[in-house]
Each structure stands twice: as C-alpha cells, then as structure tokens.
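Engineer: Following this message is one structure expressed as structure tokens.
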Amino acid sequence: MPAVDVLDLAGKPTGTRELAPEVFEAPVNVPLIHQVVVAGLAGLRAGTHKTKTRGEVRGGGRKPWRQKGTGRARQGSIRAPQWTGGGVAHGPVPRDHAKRVNRKMRRAALRGALSDALSSGKLVVVEELTWDEPRTKRAVEVLEALGLRGRTLLVLPEPSETGAVEKSFRNLPVVRITYAGGLGVYDVLLADHVLVTPRALDVLEGGERR
C-alpha cells in the first residue's frame, strides 16, 4: 500500500498517511489522460468566434463592371472573398467545442494523474490549514517551509467557513486553489507541486470508491 509523509506547517514530518492503492497506484494511461485534458480545455472555449460571409458584408450590391468586353475577369460583387474588404470564405462560426467524455474515463484519468504525482514526488501532504484570518505572509511562509517553488496546486476538502485559507493563498500568482470534489486532471498535470490536506485525501479516496 502506498504511503506518504504528513508534514506540519514548519515542514517537519508528523506521521505517515497510507493511501488507497486504487487511487494512487492506478495505471497511467497517457492517451486517456490526453483525451480527457483536451476535452476539458475544449469545454472552456467560448465558441463565439465569427467572420462575415459575402452575404453579410455591407455593400457590393451591383456588378463592378459589365460581364463582357472590358478585358478583365468577370466579377459579380466587390464583396466577394477575393476582394479587399470582402467576405471570408469558410470562416469560423459560433459553435460548441465541447467533447463528450464519460465519468468512467474522467475518473480513470484522474487516478492516473494522481498516481503519477505520487511517483514523481509532486504530492505533498500537509496538516489541516485552519486559520482565523487571511494572511498572505503566512501562506508564503508555509510554502517556503515546505520547500515548494513553482506552480503549486492547493487542494482543500471544501470551502472554509471564513475563507481565510483561500484568501491567503489566492494572492500568490504561482498558487492555484481547488477543492477535492472538483479536482481536474489538467490542474494536477500543470502543477509542479500538489499540496493536499488529509481531509482532502479522504474526499479523493472516498469519491473514487463510490
């Protein structure tokens, strides 16, 4: 059974946490992870891009010159795609970019990403963060004590009542905050370090067992 050290806010080990093998020793299916990540990023696209066709561009209601006898190529409108200021042929139109990925695929990809994070040393478990008031300075001290530099993903079990923890870390541009119930594969892969609490691990393992 895989295990990981639990650190206090000073970066010193206080114990060991055993991890669920079905979550943190899962096979890493790279093509599946890629498919889930592409689907997730595609779902974020607004899909509002639009260009005007020759029928939507203003002007060009008559032929620029007569059909025959001028020696020039025949033209029907100055708003045809080959003209400057004309419409766009086969341009983008508003559409939905979402790709279908079922729940089983998403869970398998997340398990693979978490297993990779554990094996590569990205996963760091810290004791519960319970602060009464937000202080960004304290958040910086915690990251420095844990030796976390670069992009850090902070995984919390649920939104705190006061929001002190979230407010303390969200001012740091290298820190992204998420909750265990909505943890995404792309967030895990993008981060250099994944900082989780024991209760967040309970949510991750419990959610995978349902």
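Residues are named by chain letter and number: chains run A, B, ... in the order of the structure tokens, numbers start at 1 in each chain, and ligands are numbered from 1 in the order shown.
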Excluding Ala20 of chain A and residues on its chain fewer than 4 positions from it, collect all residues at most 12 Å away from it, counting only C-alpha atoms, and give them as number ranges by chain.

Structural biologist: A: 1-4, 24-26, 111, 114-115, 118, 201-209

Engineer: With a cut-off of 10 Å, could you pull out the residues of segment 158-178 of chain A touching segment 130-146 of chain A and give me the nearest pair of atoms for each, distance in Å to one decimal, using only C-alpha atoms, ordered by chain and ascending number, as CSV?

Structural biologist:
residue,atom,partner,partner_atom,distance
A:Ser160,CA,A:Thr130,CA,8.4
A:Glu161,CA,A:Asp132,CA,9.7
A:Thr162,CA,A:Asp132,CA,7.3
A:Gly163,CA,A:Pro134,CA,7.6
A:Ala164,CA,A:Pro134,CA,4.1
A:Val165,CA,A:Pro134,CA,6.2
A:Glu166,CA,A:Pro134,CA,7.8
A:Lys167,CA,A:Pro134,CA,5.6
A:Ser168,CA,A:Thr136,CA,4.3
A:Phe169,CA,A:Ala139,CA,5.8
A:Arg170,CA,A:Thr136,CA,8.3
A:Asn171,CA,A:Thr136,CA,6.8
A:Leu172,CA,A:Thr136,CA,7.8
A:Val175,CA,A:Leu143,CA,9.8

Engineer: Write the residues of the preceding selection, restricted to C-alpha atoms, as an mmCIF file, in the first residue's frame.

Structural biologist:
data_model
loop_
_atom_site.group_PDB
_atom_site.id
_atom_site.type_symbol
_atom_site.label_atom_id
_atom_site.label_comp_id
_atom_site.auth_asym_id
_atom_site.auth_seq_id
_atom_site.Cartn_x
_atom_site.Cartn_y
_atom_site.Cartn_z
ATOM 1 C CA SER A 160 -13.749 27.068 4.566
ATOM 2 C CA GLU A 161 -16.319 28.945 6.622
ATOM 3 C CA THR A 162 -14.307 32.170 6.834
ATOM 4 C CA GLY A 163 -12.431 31.743 3.563
ATOM 5 C CA ALA A 164 -9.209 32.703 5.348
ATOM 6 C CA VAL A 165 -7.110 29.967 3.753
ATOM 7 C CA GLU A 166 -8.338 30.680 0.236
ATOM 8 C CA LYS A 167 -7.843 34.435 0.641
ATOM 9 C CA SER A 168 -4.317 33.899 1.989
ATOM 10 C CA PHE A 169 -3.144 31.808 -0.963
ATOM 11 C CA ARG A 170 -5.077 33.341 -3.834
ATOM 12 C CA ASN A 171 -2.894 36.464 -3.858
ATOM 13 C CA LEU A 172 0.092 34.342 -4.885
ATOM 14 C CA VAL A 175 -0.731 29.061 -6.437
#

Engineer: Would you please extract all alpha helix (DSSP H) residues from segment 127-198 of chain A, as assigned by DSSP on the backbone, and give them as a list in words?

Structural biologist: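 Assigned to alpha helix (DSSP H), within segment 127-198 of chain A: Thr136, Lys137, Arg138, Ala139, Val140, Glu141, Val142, Leu143, Glu144, Ala145, Leu146, Ala164, Val165, Glu166, Lys167, Ser168, Phe169, Val185, Tyr186, Asp187, Val188, Leu189, Leu190 and Pro198 of chain A.
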
Engineer: With N, CA and C atoms retained, write the just-selected residues as a PDB file, in the first residue's frame.

Structural biologist:
ATOM      1  N   THR A 136      -1.560  36.655   3.712  1.00  0.00           N
ATOM      2  CA  THR A 136      -0.750  36.158   2.605  1.00  0.00           C
ATOM      3  C   THR A 136       0.674  35.866   3.062  1.00  0.00           C
ATOM      4  N   LYS A 137       1.177  36.662   3.993  1.00  0.00           N
ATOM      5  CA  LYS A 137       2.533  36.440   4.511  1.00  0.00           C
ATOM      6  C   LYS A 137       2.656  35.055   5.123  1.00  0.00           C
ATOM      7  N   ARG A 138       1.633  34.628   5.814  1.00  0.00           N
ATOM      8  CA  ARG A 138       1.656  33.296   6.426  1.00  0.00           C
ATOM      9  C   ARG A 138       1.635  32.208   5.353  1.00  0.00           C
ATOM     10  N   ALA A 139       0.899  32.428   4.290  1.00  0.00           N
ATOM     11  CA  ALA A 139       0.875  31.460   3.195  1.00  0.00           C
ATOM     12  C   ALA A 139       2.251  31.332   2.554  1.00  0.00           C
ATOM     13  N   VAL A 140       2.940  32.461   2.375  1.00  0.00           N
ATOM     14  CA  VAL A 140       4.292  32.425   1.813  1.00  0.00           C
ATOM     15  C   VAL A 140       5.230  31.658   2.735  1.00  0.00           C
ATOM     16  N   GLU A 141       5.092  31.863   4.032  1.00  0.00           N
ATOM     17  CA  GLU A 141       5.948  31.161   4.993  1.00  0.00           C
ATOM     18  C   GLU A 141       5.721  29.652   4.937  1.00  0.00           C
ATOM     19  N   VAL A 142       4.473  29.234   4.756  1.00  0.00           N
ATOM     20  CA  VAL A 142       4.179  27.801   4.664  1.00  0.00           C
ATOM     21  C   VAL A 142       4.834  27.196   3.423  1.00  0.00           C
ATOM     22  N   LEU A 143       4.706  27.865   2.289  1.00  0.00           N
ATOM     23  CA  LEU A 143       5.308  27.350   1.052  1.00  0.00           C
ATOM     24  C   LEU A 143       6.827  27.286   1.168  1.00  0.00           C
ATOM     25  N   GLU A 144       7.430  28.296   1.786  1.00  0.00           N
ATOM     26  CA  GLU A 144       8.882  28.278   1.946  1.00  0.00           C
ATOM     27  C   GLU A 144       9.324  27.170   2.903  1.00  0.00           C
ATOM     28  N   ALA A 145       8.555  26.950   3.970  1.00  0.00           N
ATOM     29  CA  ALA A 145       8.897  25.890   4.923  1.00  0.00           C
ATOM     30  C   ALA A 145       8.788  24.513   4.279  1.00  0.00           C
ATOM     31  N   LEU A 146       7.838  24.359   3.372  1.00  0.00           N
ATOM     32  CA  LEU A 146       7.664  23.077   2.695  1.00  0.00           C
ATOM     33  C   LEU A 146       8.596  22.928   1.494  1.00  0.00           C
ATOM     34  N   ALA A 164     -10.525  32.137   5.027  1.00  0.00           N
ATOM     35  CA  ALA A 164      -9.209  32.703   5.348  1.00  0.00           C
ATOM     36  C   ALA A 164      -8.093  32.013   4.576  1.00  0.00           C
ATOM     37  N   VAL A 165      -8.171  30.701   4.450  1.00  0.00           N
ATOM     38  CA  VAL A 165      -7.110  29.967   3.753  1.00  0.00           C
ATOM     39  C   VAL A 165      -7.098  30.346   2.278  1.00  0.00           C
ATOM     40  N   GLU A 166      -8.267  30.336   1.650  1.00  0.00           N
ATOM     41  CA  GLU A 166      -8.338  30.680   0.236  1.00  0.00           C
ATOM     42  C   GLU A 166      -7.846  32.102  -0.023  1.00  0.00           C
ATOM     43  N   LYS A 167      -8.249  33.046   0.830  1.00  0.00           N
ATOM     44  CA  LYS A 167      -7.843  34.435   0.641  1.00  0.00           C
ATOM     45  C   LYS A 167      -6.337  34.607   0.865  1.00  0.00           C
ATOM     46  N   SER A 168      -5.753  33.784   1.715  1.00  0.00           N
ATOM     47  CA  SER A 168      -4.317  33.899   1.989  1.00  0.00           C
ATOM     48  C   SER A 168      -3.488  33.421   0.808  1.00  0.00           C
ATOM     49  N   PHE A 169      -3.937  32.391   0.119  1.00  0.00           N
ATOM     50  CA  PHE A 169      -3.144  31.808  -0.963  1.00  0.00           C
ATOM     51  C   PHE A 169      -3.479  32.395  -2.332  1.00  0.00           C
ATOM     52  N   VAL A 185      -7.986  16.892 -13.978  1.00  0.00           N
ATOM     53  CA  VAL A 185      -6.759  16.232 -14.432  1.00  0.00           C
ATOM     54  C   VAL A 185      -5.739  17.267 -14.894  1.00  0.00           C
ATOM     55  N   TYR A 186      -6.188  18.261 -15.639  1.00  0.00           N
ATOM     56  CA  TYR A 186      -5.267  19.262 -16.176  1.00  0.00           C
ATOM     57  C   TYR A 186      -4.577  20.046 -15.056  1.00  0.00           C
ATOM     58  N   ASP A 187      -5.310  20.341 -13.980  1.00  0.00           N
ATOM     59  CA  ASP A 187      -4.712  21.060 -12.854  1.00  0.00           C
ATOM     60  C   ASP A 187      -3.583  20.255 -12.221  1.00  0.00           C
ATOM     61  N   VAL A 188      -3.781  18.951 -12.081  1.00  0.00           N
ATOM     62  CA  VAL A 188      -2.750  18.097 -11.485  1.00  0.00           C
ATOM     63  C   VAL A 188      -1.522  18.031 -12.384  1.00  0.00           C
ATOM     64  N   LEU A 189      -1.733  17.892 -13.684  1.00  0.00           N
ATOM     65  CA  LEU A 189      -0.609  17.779 -14.606  1.00  0.00           C
ATOM     66  C   LEU A 189       0.153  19.090 -14.726  1.00  0.00           C
ATOM     67  N   LEU A 190      -0.547  20.218 -14.671  1.00  0.00           N
ATOM     68  CA  LEU A 190       0.096  21.512 -14.864  1.00  0.00           C
ATOM     69  C   LEU A 190       0.948  21.919 -13.674  1.00  0.00           C
ATOM     70  N   PRO A 198      -4.978  16.088   4.738  1.00  0.00           N
ATOM     71  CA  PRO A 198      -5.515  14.737   4.980  1.00  0.00           C
ATOM     72  C   PRO A 198      -7.016  14.621   4.693  1.00  0.00           C
TER      73      PRO A 198
END

Engineer: Considering only C-alpha atoms, state which residue in the set A:Thr14, A:Asn29, A:Thr152, A:Thr48 is at the smallest distance from Met105 of chain A.

Structural biologist: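 Among A:Thr14, A:Asn29, A:Thr152, A:Thr48, it is A:Asn29 that comes nearest to Met105 of chain A.
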
Engineer: What is the distance between atom CA of Glu158 of chain A and atom CA of Val125 of chain A, in Å to one decimal?

Structural biologist: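 Interatomic distance here is 15.9 Å.
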
Engineer: What lies within 10 Å of Leu183 of chain A using only C-alpha atoms, ignoring chain neighbours under 6 positions off, as an NGL selection string?

Structural biologist: :A and (110 or 153 or 155-156 or 177 or 204)

Engineer: Where does DSSP see strand (DSSP E or B) in chain A, if you list the residues as a list in words?

Structural biologist: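 For chain A, the strand (DSSP E or B) set is Ala3, Val4, Asp5, Val6, Leu7, Pro13, Thr14, Gly15, Thr16, Arg17, Glu18, Leu123, Val124, Val125, Val126, Thr152, Leu153, Leu154, Val155, Leu156, Val175, Arg176, Ile177, Thr178, Tyr179, His193, Val194, Leu195 and Val196 of chain A.
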
Engineer: Near Pro64 of chain A, counting only C-alpha atoms, which residues have an atom at most 9 Å away, once you skip same-chain residues fewer than 2 positions from it, shown as a PDB file with C-alpha atoms, in the first residue's frame?

Structural biologist:
ATOM      1  CA  GLY A  60     -21.377  45.311 -53.155  1.00  0.00           C
ATOM      2  CA  ARG A  62     -24.138  45.650 -58.093  1.00  0.00           C
ATOM      3  CA  ARG A  66     -20.176  44.689 -67.186  1.00  0.00           C
ATOM      4  CA  GLN A  75     -16.839  39.955 -61.238  1.00  0.00           C
ATOM      5  CA  GLY A  76     -20.224  39.884 -59.592  1.00  0.00           C
ATOM      6  CA  SER A  77     -19.561  41.857 -56.419  1.00  0.00           C
ATOM      7  CA  ILE A  78     -16.772  43.824 -54.746  1.00  0.00           C
TER       8      ILE A  78
END

Engineer: Residues near Pro13 of chain A, anyone? I mean within 12 Å using only C-alpha atoms, not counting same-chain ones fewer than 3 positions away, as an mmCIF file with C-alpha atoms, in the first residue's frame.

Structural biologist:
data_model
loop_
_atom_site.group_PDB
_atom_site.id
_atom_site.type_symbol
_atom_site.label_atom_id
_atom_site.label_comp_id
_atom_site.auth_asym_id
_atom_site.auth_seq_id
_atom_site.Cartn_x
_atom_site.Cartn_y
_atom_site.Cartn_z
ATOM 1 C CA VAL A 4 3.309 9.488 2.134
ATOM 2 C CA ASP A 5 4.663 11.621 4.969
ATOM 3 C CA VAL A 6 2.371 14.166 6.600
ATOM 4 C CA LEU A 7 4.163 17.453 7.267
ATOM 5 C CA ASP A 8 3.360 20.222 9.687
ATOM 6 C CA LEU A 9 3.363 23.890 8.742
ATOM 7 C CA ALA A 10 7.080 24.042 9.524
ATOM 8 C CA THR A 16 2.661 8.774 7.718
ATOM 9 C CA ARG A 17 -0.527 8.539 5.709
ATOM 10 C CA VAL A 124 2.871 16.863 -0.616
ATOM 11 C CA VAL A 125 0.549 16.276 2.343
ATOM 12 C CA VAL A 126 0.349 18.996 4.989
ATOM 13 C CA GLU A 127 -1.670 19.071 8.166
ATOM 14 C CA ALA A 145 8.897 25.890 4.923
ATOM 15 C CA LEU A 146 7.664 23.077 2.695
#

Engineer: Smallest atom-to-atom distance to Gln35 of chain A: which of A:Asn102, A:Thr197, A:Ser120, A:Thr51, using only C-alpha atoms?

Structural biologist: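 Of all the options, A:Asn102 lies closest to Gln35 of chain A.
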
Engineer: For the atom pair atom CA of Lys104 of chain A and atom CA of Leu32 of chain A, what is the interatomic distance in Å to one decimal place?

Structural biologist: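 Taking atom CA of Lys104 of chain A as the start and atom CA of Leu32 of chain A as the end point, the length is 10.9 Å.
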
Engineer: So that I can check the surroundings of segment 80-92 of chain A, please list as a count of residues only every protein, DNA and RNA residue that reaches within 7 Å of it, counting only C-alpha atoms and ignoring chain neighbours fewer than 6 positions away.

Structural biologist: 7

Engineer: Between A:Arg72, A:Arg79, A:Lys99, A:Arg107, which one has atoms that come closest to Val28 of chain A, using only C-alpha atoms?

Structural biologist: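 Using only C-alpha atoms, Val28 of chain A sits closest to A:Arg107.
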